[in-house]
Amino acid sequence: MGKTNLLLNDGQLLLLLLRRSKSSSFLQLNFRQSKAKMRPILMKGHERPLTFLKYNRDGDLLFSCAKDHTPTVWFADNGERLGTYAGHNGAVWCCDVSRDSTRLITGSADQSAKLWDVQSGTQLFTFSFDSPARAVDFAVGDKLAVITTDPFMGLTSAIHVKRIAADPDDQVGDSVLVLKGPQGRINRAVWGPLNKTIISAGEDAVVRIWDTETGKLLQENDKEVGHKKTVTSLAKSTDGSHFLTGSLDKSAKLWDSRSLTLIKTYFTERPVNAVAMSPLLNHVVLGGGQDASAVTTTDHRAGKFEAKFYDKILQEEIGGVKGHFGPINALAFNPDGKSFSSGGEDGYVRLHHFDPDYFKIPSI
Amino acid sequence: MAEVMSMEDIRTEASGLGIDLSLVDWNSVWVPPGEDFGVKSDDEDLNEDNSLEFDGGFGNVIVVDNLPVVPKEKFEKLEGVIRKIYSQIGVIKENGLWMPVDEDTGRTRGYCFIEYNTLQEAELAKEKTNGYKLDRAHIFAVNVFDEIEKFMRVPDEWAPPETKPYTSGENLQHWLTDEKGRDQFVIRAGSDTEVLWNDARQVKADPVYKRPFWTESFVQWSPLGTYLATVHRQGAAVWGGASTFNRLMRYAHPQVKLIDFSPGEKYLVTCSSHEPSTPHDSHRVLLNIFDVRTGKVMRDFKGSADEFAFGGTGGFTGVSWPVFRWGGGKEDKYFARLGKNVISVYETETFSLIDKKSIKVENVMDFSWSPTDPIFALFAPEQGGGNQPARVSLFQIPSKEELRQKNLFSVSDCKMYWQSDGEYLAVKVDRYTKTKKSTYTGFELFRIKDRDIPIEVFELENKNDKIIAFAWEPKGHRFAIIHGDNPKPDVSFYSMKGGKVSKLTTLKQKQANALFWSPGGHFIILAGLKGFNGQLEFYNVDELDTMATSEHFMATDIEWDPTGRYVATSVTSVHEMENGFNIWSFNGKLLYRISKDHFFQFLWRPRPPSFLSPEKEEEISKNLKQYSKKYDVQDQDISLLLSEQDREKRKQLKEEWERWVNEWKIYHNEEKTERQILRDGEASDVEEEYEAKEVEVEELLDVSEVVVLDA
């Protein structure tokens, strides 16, 4: 985890050491929260609607992006704000953190994607584009990154593949590969197994798989079973074997990453803005709500601003977590599967630690 | 026939073009005349002989016959006279008057053509001047040009009509013979109209028939459930049948807006309203009464909207709906209409006024038929500044005899509520207080079936309470009132039993503003719609006990099924969200819910009254256990079957999932080395043990070394 603790005062450093050294101490650290039964931690740091949430691999840091210009990093345990990454000049749409938690990449409406040093918060490199950057994702091994750009002023949307240098001084802005073709925004692009493919989805409601060697379009999803409206979100399983897409057509769909076979569909009552899959249990979480423009005109109960839990296999709704005052725009599971966080149009991040009952939910 | 697109194709095509089909106003889509794009209409009898006559485009031209035949010299004079007569009715088009002249004699031919700007003017001209006496010898015969051809086609010799061989129709009541005793309902959402079974045992709705663009505005069941009526630009149609929904009859009435069945569903009233030719005229209203089975027009009524603007609340552009109220129970014997100072009662044998005249009642405001007998109650307010009191009277038809009358003083308004068996009539009377600044409410309760129709005056304990809702128990002797001025009003129940009104109970502070009795009585839903956001309380009036309280958030409509076993609550498109419906059991258990965007209508299919005699019904309810045994067994079987199916399905899903997981595992292991290379040899895909990270702890200790440096 490196020297992040430089940022901290002594007391917190101690806690971090405890947490690092023995898992039993970790529990002690957490006793304050475990008393209150699954009371969420409300994290107020953003001034504008949230857009994206990402945990690092260790699950101790949570990165959040919002329409304000500063991505923020939080302690994933207690929701304490650790620092911000200042430098963007527009809404930040997406981020990804490297496996060793040293690098952060962010995509922003200011027509750039930036590489950051996670610990110090310094900008390492800026990829400049001619249109807003949207989705970013590090490849396995963190030597490549995929960045999508929006259609803008006559430019079509595009998927760019950039090489990420081990030493930031060697970093160049050239694209290894540029993929074009889909109509409308590409809301999400992620790497397929072994970096051989890129999976993209966006406004045209089609999920596509591209070859990263040749840049060719390998597959489009079967139109019969595919989404009917904009795909807003996409989340990969831990092992990358399958992924979940959420769409404004009020459904989420689970696909096989290699064959693009539709495996499951989860129906909900609201447009889906965000999806997440539990790495621990067979659960998926969907978040959404009606258009932001209609929020003020409706009762908060009517909006259904809940994070809905579904049984991944049975496709049945098993529960919901309420709390946001606006639609949920972002969801992420802690890699340990014991907590998750949600980011809303209301500008809050809510961090939920599951109480023991959650793990007793019977599965088939 | 050229390529025909299926509805599915159209949908995909539209979504490809980014068009939301549900938002398309199909009435505004016109196909160029004579062009069908190779798509034949699925209206199978469009090409039949009796299909609707469409305008030949000369609807605004009239032919005036029986004019004097005049020589050339007098031509201009005659033309002047005709122009004078006909330009009073409407604007004659430029060069729109043409009087043909016999070339040989130079004399006129005795007829002329007049072209108006609009159809309505032509119609009006025909109506007003047909039979106009220019002088004794010349009585005008006026026809619309389009109709001339029709008359020409009438054969000169009468031929007896062919008698078609009798074909027995389908059993239109087939749905009642459902083995599981289920009820049907129709829903309209988006462009689709769908009929479904309420399969409450399987906790789902079972589709019967679905058709996109089935109707152009709304659908309606006939009162006994035999027909489903749809409304189109050309007229109304009814659908029904044993297995599916076939069109049984069409009723031509261009631009029909409203329809109404008689209670015995023998007749259908259709109504349309037409823009006036000049803006200061009122809308013209056309009403047709059709025989439902034969499709024949039994009588039509025409007039300006003002003539139909009495009583009733529904309707449009000044017409109150229903214009005609049907009386005399299910026999459809009489119908009546409110006019200025009159009530016009018609009987359906001849479709004319009873005794050829209306009943004169000064200042009559409202009237209401008994649901079972040919009796109606009317209300006329005070007149002459209180010198002539307001009154409520009961009239019997066809004798027009006044059965009972009650004078009332300082009345501001009256509302009449009949009990479903016609046994009781409640008249809600709003009276002014002495200062005339506010009103309070009392009730006059009529016992119709008792000798001399005794009237009982009934007031609430706090007579200043505002009455929010009143409802009789169907087939029963009780009524419920929501009253009070609090944000949360009270609900009281009363009984008419024992010759005197007695209070059963009062429920304090309820979130309710509407009452929905079960059609079988005994149970009632106290509903809080609108401001209360859909609160529901299921109440048992026999036990005076709440069975369940619940909520259907934003619910706009509540309807009991005709048997009183289930209740549907729905959120229609008045709200942007939450659209769809819930089905509840009578005791408030939510059975299932279905969401539909752009949800417009939910209607249970009504059932005709039972053929069981009251004695038999009583016997059944006494020995209910015996009768219900069979159903209990069925219920149990189904629930077993369901859980069996459910287990089976779960097992299957699980196996399927495991197959995927295993496949992924294999891939994952196969790719292990490659992944390792991509990660520069970092081995583990899985989270390391915490021990492994203790190395990092030592790194952290380096940090404290920095501190040492500081020191």
# chains A, B, ... in the order shown; residues from 1 in each chain; ligands from 1
$ residues_around --residues "Ile164 in chain A" --least-positions-apart "2" --cutoff "9 Å" --atoms "only C-alpha atoms" --output "list of chain:residue names"
A:Phe138, A:Asp142, A:Lys143, A:Leu144, A:Ala145, A:Lys162, A:Ala166, A:Asp167, A:Pro168, A:Asp170, A:Gln171, A:Val172
$ residues_around --residues "range 496-499 of chain B" --least-positions-apart "4" --cutoff "10 Å" --atoms "only C-alpha atoms" --output "ChimeraX atom specification"
/B:424,445,447,450,454,456,476-479,503
$ closest_residue --among "A:Glu220, A:Asp150, A:Asp110, A:Glu269" --to "chain B" --atoms "only C-alpha atoms"
A:Glu269
$ residues_around --residues "range 187-198 of chain A" --least-positions-apart "4" --cutoff "7 Å" --atoms "only C-alpha atoms" --output "MDAnalysis selection string"
(chainID A and resid 134:135 137 139:140 148 202 209:212 232:234 240 257) or (chainID B and resid 675)
$ write_last_selection --atoms "N, CA, C and O atoms" --output "tab-separated table (two decimals), in the first residue's frame"
chain	number	residue	atom	x	y	z
A	134	ARG	N	-14.71	9.76	-21.50
A	134	ARG	CA	-15.75	9.20	-20.64
A	134	ARG	C	-15.24	8.01	-19.81
A	134	ARG	O	-14.97	8.15	-18.64
A	135	ALA	N	-15.10	6.86	-20.44
A	135	ALA	CA	-14.75	5.66	-19.68
A	135	ALA	C	-13.25	5.44	-19.72
A	135	ALA	O	-12.59	5.72	-20.72
A	137	ASP	N	-10.19	2.43	-18.28
A	137	ASP	CA	-10.00	1.13	-17.65
A	137	ASP	C	-8.57	0.67	-17.89
A	137	ASP	O	-8.07	0.71	-19.02
A	139	ALA	N	-5.72	-2.19	-18.21
A	139	ALA	CA	-5.67	-3.58	-18.63
A	139	ALA	C	-5.02	-4.43	-17.56
A	139	ALA	O	-4.41	-3.91	-16.62
A	140	VAL	N	-5.15	-5.75	-17.71
A	140	VAL	CA	-4.43	-6.66	-16.82
A	140	VAL	C	-2.94	-6.35	-16.97
A	140	VAL	O	-2.42	-6.28	-18.08
A	148	THR	N	-12.45	6.08	-23.61
A	148	THR	CA	-13.42	6.38	-24.66
A	148	THR	C	-13.67	7.89	-24.69
A	148	THR	O	-13.58	8.57	-23.68
A	202	GLY	N	-22.91	1.48	-24.95
A	202	GLY	CA	-23.27	2.89	-24.78
A	202	GLY	C	-24.65	3.20	-25.31
A	202	GLY	O	-25.56	2.37	-25.23
A	209	ILE	N	-17.78	-6.46	-28.77
A	209	ILE	CA	-16.46	-6.96	-28.39
A	209	ILE	C	-15.51	-6.69	-29.55
A	209	ILE	O	-15.80	-7.02	-30.71
A	210	TRP	N	-14.39	-6.05	-29.24
A	210	TRP	CA	-13.41	-5.67	-30.25
A	210	TRP	C	-12.12	-6.46	-30.04
A	210	TRP	O	-11.75	-6.77	-28.91
A	211	ASP	N	-11.43	-6.72	-31.14
A	211	ASP	CA	-10.13	-7.38	-31.06
A	211	ASP	C	-9.08	-6.30	-30.82
A	211	ASP	O	-8.98	-5.33	-31.58
A	212	THR	N	-8.26	-6.49	-29.78
A	212	THR	CA	-7.28	-5.45	-29.47
A	212	THR	C	-6.02	-5.56	-30.33
A	212	THR	O	-5.21	-4.65	-30.35
A	232	THR	N	-26.05	2.20	-19.62
A	232	THR	CA	-25.47	3.26	-18.79
A	232	THR	C	-24.24	2.79	-18.03
A	232	THR	O	-23.40	3.58	-17.65
A	233	SER	N	-24.18	1.49	-17.75
A	233	SER	CA	-23.15	1.02	-16.84
A	233	SER	C	-22.76	-0.41	-17.17
A	233	SER	O	-23.53	-1.15	-17.81
A	234	LEU	N	-21.56	-0.76	-16.75
A	234	LEU	CA	-21.07	-2.10	-17.03
A	234	LEU	C	-20.10	-2.47	-15.91
A	234	LEU	O	-19.24	-1.67	-15.55
A	240	GLY	N	-13.27	-11.61	-14.36
A	240	GLY	CA	-13.44	-11.12	-15.73
A	240	GLY	C	-14.19	-12.05	-16.66
A	240	GLY	O	-14.29	-11.80	-17.86
A	257	SER	N	-18.21	-13.01	-21.00
A	257	SER	CA	-17.25	-12.09	-21.59
A	257	SER	C	-16.63	-12.64	-22.87
A	257	SER	O	-16.14	-11.88	-23.69
B	675	ARG	N	-1.74	-14.76	-17.98
B	675	ARG	CA	-2.08	-13.62	-17.15
B	675	ARG	C	-0.87	-13.21	-16.31
B	675	ARG	O	-0.58	-12.04	-16.13
$ select_by_dssp --residues "range 257-358 of chain A" --states "strand (DSSP E or B)" --output "number ranges by chain"
A: 262-267, 272-277, 283-288, 307-311, 317-321, 328-333, 339-344, 348-353
$ atom_distance --atom1 "CA of Asn56 in chain A" --atom2 "CA of Trp74 in chain A"
10.7 Å
$ atom_distance --atom1 "CA of Leu119 in chain B" --atom2 "CA of Phe301 in chain B"
18.5 Å
$ atom_distance --atom1 "CA of Asp430 in chain B" --atom2 "CA of Asp413 in chain B"
5.1 Å
$ residues_around --residues "Asn533 in chain B" --least-positions-apart "4" --cutoff "9 Å" --atoms "only C-alpha atoms" --output "list in words"
Gly528, Leu529, Glu551, His552, Phe553, Met554, Ala555 and Thr556 of chain B
$ write_last_selection --atoms "C-alpha atoms" --output "PDB file, in the first residue's frame"
ATOM      1  CA  GLY B 528     -56.977   7.485   0.645  1.00  0.00           C
ATOM      2  CA  LEU B 529     -56.427   8.525  -2.930  1.00  0.00           C
ATOM      3  CA  GLU B 551     -50.617   1.179   0.482  1.00  0.00           C
ATOM      4  CA  HIS B 552     -50.472   1.290  -3.257  1.00  0.00           C
ATOM      5  CA  PHE B 553     -48.378   4.360  -3.663  1.00  0.00           C
ATOM      6  CA  MET B 554     -49.957   6.989  -5.954  1.00  0.00           C
ATOM      7  CA  ALA B 555     -52.964   4.743  -6.728  1.00  0.00           C
ATOM      8  CA  THR B 556     -55.565   6.548  -8.804  1.00  0.00           C
TER       9      THR B 556
END
$ closest_residue --among "A:Lys312, A:Lys322, A:His69, A:Arg185" --to "chain B" --atoms "only C-alpha atoms"
A:Lys312
$ select_by_dssp --residues "range 77-285 of chain B" --states "alpha helix (DSSP H)" --output "ChimeraX atom specification"
/B:77-87,119-129,145-152
$ closest_residue --among "A:Gly173, A:Gly320, A:Pro132, A:Pro279" --to "chain B" --atoms "only C-alpha atoms"
A:Pro279
$ residues_around --residues "Asp346 in chain A" --least-positions-apart "2" --cutoff "12 Å" --atoms "only C-alpha atoms" --output "number ranges by chain"
A: 42-51, 66-67, 289, 292, 295-296, 300, 305, 323-330, 342-344, 348-350
$ residues_around --residues "Phe333 in chain A" --least-positions-apart "2" --cutoff "10 Å" --atoms "only C-alpha atoms" --output "PyMOL selection string"
chain A and resi 53-55+59+62+275-280+284-285+331+335-342+351-352
$ write_last_selection --atoms "C-alpha atoms" --output "PDB file, in the first residue's frame"
ATOM      1  CA  LEU A  53     -17.071   4.747  -7.691  1.00  0.00           C
ATOM      2  CA  LYS A  54     -14.106   2.409  -7.639  1.00  0.00           C
ATOM      3  CA  TYR A  55     -12.421   0.384  -4.883  1.00  0.00           C
ATOM      4  CA  GLY A  59     -10.466  -2.830  -0.693  1.00  0.00           C
ATOM      5  CA  LEU A  62     -12.534   4.072  -2.377  1.00  0.00           C
ATOM      6  CA  VAL A 275     -24.744  -1.931 -11.508  1.00  0.00           C
ATOM      7  CA  ALA A 276     -22.456  -3.954  -9.261  1.00  0.00           C
ATOM      8  CA  MET A 277     -21.850  -7.632  -8.551  1.00  0.00           C
ATOM      9  CA  SER A 278     -20.976  -9.042  -5.172  1.00  0.00           C
ATOM     10  CA  PRO A 279     -17.611 -10.802  -5.300  1.00  0.00           C
ATOM     11  CA  LEU A 280     -18.664 -12.917  -2.338  1.00  0.00           C
ATOM     12  CA  VAL A 284     -26.173  -8.227  -8.022  1.00  0.00           C
ATOM     13  CA  VAL A 285     -27.075  -4.660  -7.092  1.00  0.00           C
ATOM     14  CA  LEU A 331     -22.323   1.540  -7.301  1.00  0.00           C
ATOM     15  CA  PRO A 335     -13.549  -6.604  -3.165  1.00  0.00           C
ATOM     16  CA  ASP A 336     -14.108  -8.445   0.135  1.00  0.00           C
ATOM     17  CA  GLY A 337     -17.844  -8.411  -0.515  1.00  0.00           C
ATOM     18  CA  LYS A 338     -18.591  -7.167   2.997  1.00  0.00           C
ATOM     19  CA  SER A 339     -19.496  -3.630   2.133  1.00  0.00           C
ATOM     20  CA  PHE A 340     -20.604  -1.621  -0.813  1.00  0.00           C
ATOM     21  CA  SER A 341     -20.992   2.026  -1.630  1.00  0.00           C
ATOM     22  CA  SER A 342     -23.418   4.004  -3.710  1.00  0.00           C
ATOM     23  CA  LEU A 351     -20.971   3.485   2.439  1.00  0.00           C
ATOM     24  CA  HIS A 352     -22.819   0.421   3.674  1.00  0.00           C
TER      25      HIS A 352
END
$ residues_around --residues "Leu196 in chain B" --least-positions-apart "6" --cutoff "10 Å" --atoms "only C-alpha atoms" --output "short mmCIF file (atom, residue, chain, number, x, y, z; two decimals) with N, CA and C atoms, in the first residue's frame"
data_model
loop_
_atom_site.label_atom_id
_atom_site.label_comp_id
_atom_site.auth_asym_id
_atom_site.auth_seq_id
_atom_site.Cartn_x
_atom_site.Cartn_y
_atom_site.Cartn_z
N ASP B 183 -62.05 -14.54 -13.24
CA ASP B 183 -62.65 -13.36 -13.88
C ASP B 183 -61.66 -12.76 -14.87
N GLN B 184 -62.22 -12.08 -15.85
CA GLN B 184 -61.37 -11.43 -16.84
C GLN B 184 -61.30 -9.93 -16.58
N PHE B 185 -60.25 -9.32 -17.10
CA PHE B 185 -60.20 -7.86 -17.10
C PHE B 185 -59.49 -7.38 -18.35
N VAL B 186 -59.75 -6.14 -18.68
CA VAL B 186 -59.09 -5.55 -19.84
C VAL B 186 -58.19 -4.43 -19.34
N ILE B 187 -57.01 -4.33 -19.93
CA ILE B 187 -56.13 -3.20 -19.61
C ILE B 187 -55.70 -2.53 -20.90
N LYS B 204 -50.85 -14.75 -10.91
CA LYS B 204 -50.40 -14.06 -12.12
C LYS B 204 -51.62 -13.78 -13.00
N ALA B 205 -51.39 -13.01 -14.05
CA ALA B 205 -52.45 -12.75 -15.01
C ALA B 205 -52.18 -13.58 -16.25
N ASP B 206 -53.22 -14.22 -16.74
CA ASP B 206 -53.07 -15.15 -17.83
C ASP B 206 -53.66 -14.52 -19.10
N PRO B 207 -52.83 -14.28 -20.13
CA PRO B 207 -53.35 -13.55 -21.29
C PRO B 207 -54.45 -14.29 -22.04
N VAL B 208 -55.44 -13.55 -22.52
CA VAL B 208 -56.52 -14.10 -23.33
C VAL B 208 -56.39 -13.59 -24.76
N TYR B 209 -56.29 -12.30 -24.89
CA TYR B 209 -56.27 -11.70 -26.22
C TYR B 209 -55.60 -10.35 -26.13
N LYS B 210 -54.77 -10.06 -27.13
CA LYS B 210 -54.05 -8.79 -27.10
C LYS B 210 -54.06 -8.23 -28.51
N TRP B 604 -62.58 -4.57 -14.92
CA TRP B 604 -63.02 -5.95 -14.76
C TRP B 604 -64.15 -6.22 -15.73
N ARG B 605 -64.21 -7.41 -16.24
CA ARG B 605 -65.34 -7.78 -17.09
C ARG B 605 -66.53 -8.05 -16.18
#
$ closest_residue --among "A:Thr238, A:Glu316, A:Phe129, A:Thr149" --to "Asn334 in chain A" --atoms "only C-alpha atoms"
A:Thr238
$ closest_residue --among "A:Phe127, A:Phe359, A:Trp255, A:Phe309" --to "chain B" --atoms "only C-alpha atoms"
A:Trp255
$ decode --residues "range 215-236 of chain B" --atoms "N, CA, C and O atoms" --output "compact mmCIF listing (two decimals), in the first residue's frame"
# COMPACT_ATOMS: atom_id res chain seq x y z
N THR B 215 -58.35 0.23 -30.12
CA THR B 215 -59.33 1.30 -30.00
C THR B 215 -58.60 2.61 -30.19
O THR B 215 -57.38 2.67 -30.05
N GLU B 216 -59.34 3.64 -30.53
CA GLU B 216 -58.68 4.92 -30.74
C GLU B 216 -58.78 5.84 -29.54
O GLU B 216 -58.09 6.84 -29.47
N SER B 217 -59.70 5.54 -28.64
CA SER B 217 -59.67 6.35 -27.42
C SER B 217 -59.80 5.51 -26.16
O SER B 217 -58.93 5.55 -25.32
N PHE B 218 -60.86 4.74 -26.03
CA PHE B 218 -60.97 3.94 -24.81
C PHE B 218 -61.73 2.66 -25.12
O PHE B 218 -62.21 2.46 -26.23
N VAL B 219 -61.81 1.78 -24.16
CA VAL B 219 -62.63 0.59 -24.29
C VAL B 219 -63.63 0.57 -23.14
O VAL B 219 -63.44 1.22 -22.12
N GLN B 220 -64.68 -0.20 -23.31
CA GLN B 220 -65.70 -0.27 -22.27
C GLN B 220 -66.41 -1.62 -22.36
O GLN B 220 -66.74 -2.07 -23.46
N TRP B 221 -66.61 -2.26 -21.23
CA TRP B 221 -67.40 -3.49 -21.23
C TRP B 221 -68.87 -3.13 -21.26
O TRP B 221 -69.27 -2.10 -20.70
N SER B 222 -69.68 -3.99 -21.84
CA SER B 222 -71.11 -3.79 -21.70
C SER B 222 -71.48 -4.19 -20.28
O SER B 222 -70.76 -4.94 -19.63
N PRO B 223 -72.61 -3.68 -19.75
CA PRO B 223 -72.90 -3.85 -18.31
C PRO B 223 -73.00 -5.31 -17.87
O PRO B 223 -72.81 -5.60 -16.69
N LEU B 224 -73.33 -6.22 -18.76
CA LEU B 224 -73.40 -7.62 -18.36
C LEU B 224 -72.15 -8.37 -18.80
O LEU B 224 -72.07 -9.59 -18.69
N GLY B 225 -71.21 -7.66 -19.37
CA GLY B 225 -69.92 -8.28 -19.71
C GLY B 225 -69.88 -9.02 -21.03
O GLY B 225 -68.87 -9.62 -21.36
N THR B 226 -70.97 -9.01 -21.78
CA THR B 226 -70.98 -9.78 -23.02
C THR B 226 -70.06 -9.18 -24.06
O THR B 226 -69.39 -9.90 -24.80
N TYR B 227 -70.05 -7.87 -24.15
CA TYR B 227 -69.30 -7.20 -25.21
C TYR B 227 -68.20 -6.30 -24.65
O TYR B 227 -68.32 -5.77 -23.55
N LEU B 228 -67.18 -6.16 -25.46
CA LEU B 228 -66.18 -5.14 -25.20
C LEU B 228 -66.33 -4.11 -26.32
O LEU B 228 -66.25 -4.46 -27.50
N ALA B 229 -66.57 -2.87 -25.96
CA ALA B 229 -66.78 -1.85 -26.98
C ALA B 229 -65.49 -1.07 -27.21
O ALA B 229 -64.77 -0.75 -26.27
N THR B 230 -65.20 -0.83 -28.48
CA THR B 230 -64.05 0.00 -28.83
C THR B 230 -64.56 1.22 -29.60
O THR B 230 -65.64 1.17 -30.19
N VAL B 231 -63.77 2.26 -29.59
CA VAL B 231 -64.20 3.51 -30.20
C VAL B 231 -63.22 3.92 -31.30
O VAL B 231 -62.01 3.87 -31.09
N HIS B 232 -63.75 4.24 -32.45
CA HIS B 232 -62.91 4.57 -33.60
C HIS B 232 -63.40 5.85 -34.25
O HIS B 232 -64.46 6.34 -33.92
N ARG B 233 -62.63 6.33 -35.20
CA ARG B 233 -63.01 7.55 -35.89
C ARG B 233 -64.33 7.35 -36.62
O ARG B 233 -65.15 8.24 -36.71
N GLN B 234 -64.55 6.16 -37.16
CA GLN B 234 -65.75 5.92 -37.96
C GLN B 234 -66.96 5.54 -37.13
O GLN B 234 -68.08 5.52 -37.63
N GLY B 235 -66.72 5.15 -35.89
CA GLY B 235 -67.84 4.74 -35.07
C GLY B 235 -67.39 3.83 -33.96
O GLY B 235 -66.20 3.77 -33.64
N ALA B 236 -68.34 3.12 -33.38
CA ALA B 236 -68.00 2.21 -32.29
C ALA B 236 -68.13 0.78 -32.78
O ALA B 236 -68.75 0.52 -33.81
